[in-house]
Amino acid sequence: MPVAPIAAAPAAQPGPAVERAPSRTFGAALEAQAARPPPSPPRPSTPPAMAIETLKAVERAQRRLDAVLEAARRGRTFTAQELLSLQAEAYRCAQTLDVAARAVEHGAQGVKQAVNAQV
């Protein structure tokens, strides 16, 4: 079966000039990476510490939402981008609370079963 020749791609149209960051050699990039101090190892996080950090994050989000609502009550208008960001933050906060509530519920059920278990 004969194969048809492929047509040449159309020539690229000249577009606006794109500014690029000055490039550096691979060796220079390796040297820059080696000059950086190594990242500190992550500290082990215990479940209570994780729960406290989660609660602190929820409290910060709640304070932020309260501040935004107060600003809206005073007549401040928000851009679409700000409102979308606020919606995403509220959704993230609600999801975090939902997961935390489920974890507490499962923990309480586990304790209840352990107490009621016959030994």
# chains A, B, ... in the order shown; residues from 1 in each chain; ligands from 1

call {"tool": "residues_around", "arguments": {"residues": "A:Arg64", "least_positions_apart": "5", "cutoff": "12 Å", "atoms": "only C-alpha atoms", "output": "VMD selection string"}}
result
chain A and resid 57 to 59 69 to 71 85 to 87 89 to 90 93

call {"tool": "write_last_selection", "arguments": {"atoms": "C-alpha atoms", "output": "compact mmCIF listing (two decimals), in the first residue's frame"}}
result
# COMPACT_ATOMS: atom_id res chain seq x y z
CA ALA A 57 -6.02 26.72 60.54
CA VAL A 58 -9.81 26.56 60.85
CA GLU A 59 -9.78 29.40 63.37
CA LEU A 69 -18.11 39.73 55.96
CA GLU A 70 -17.63 42.75 58.20
CA ALA A 71 -15.97 44.65 55.34
CA SER A 85 -10.85 33.08 46.37
CA LEU A 86 -13.13 33.61 49.35
CA GLN A 87 -15.45 30.86 48.13
CA GLU A 89 -11.29 29.31 51.24
CA ALA A 90 -14.75 28.76 52.74
CA CYS A 93 -12.59 25.25 55.69

call {"tool": "closest_residue", "arguments": {"among": "A:Ala51, A:Ala117, A:Ala101, A:Glu82", "to": "A:Val68", "atoms": "only C-alpha atoms"}}
result
A:Glu82

call {"tool": "atom_distance", "arguments": {"atom1": "atom CA of A:Gln81", "atom2": "atom CA of A:Glu53"}}
result
27.7 Å

call {"tool": "atom_distance", "arguments": {"atom1": "atom CA of A:His106", "atom2": "atom CA of A:Arg60"}}
result
25.6 Å

call {"tool": "atom_distance", "arguments": {"atom1": "atom CA of A:Thr54", "atom2": "atom CA of A:Val99"}}
result
10.5 Å
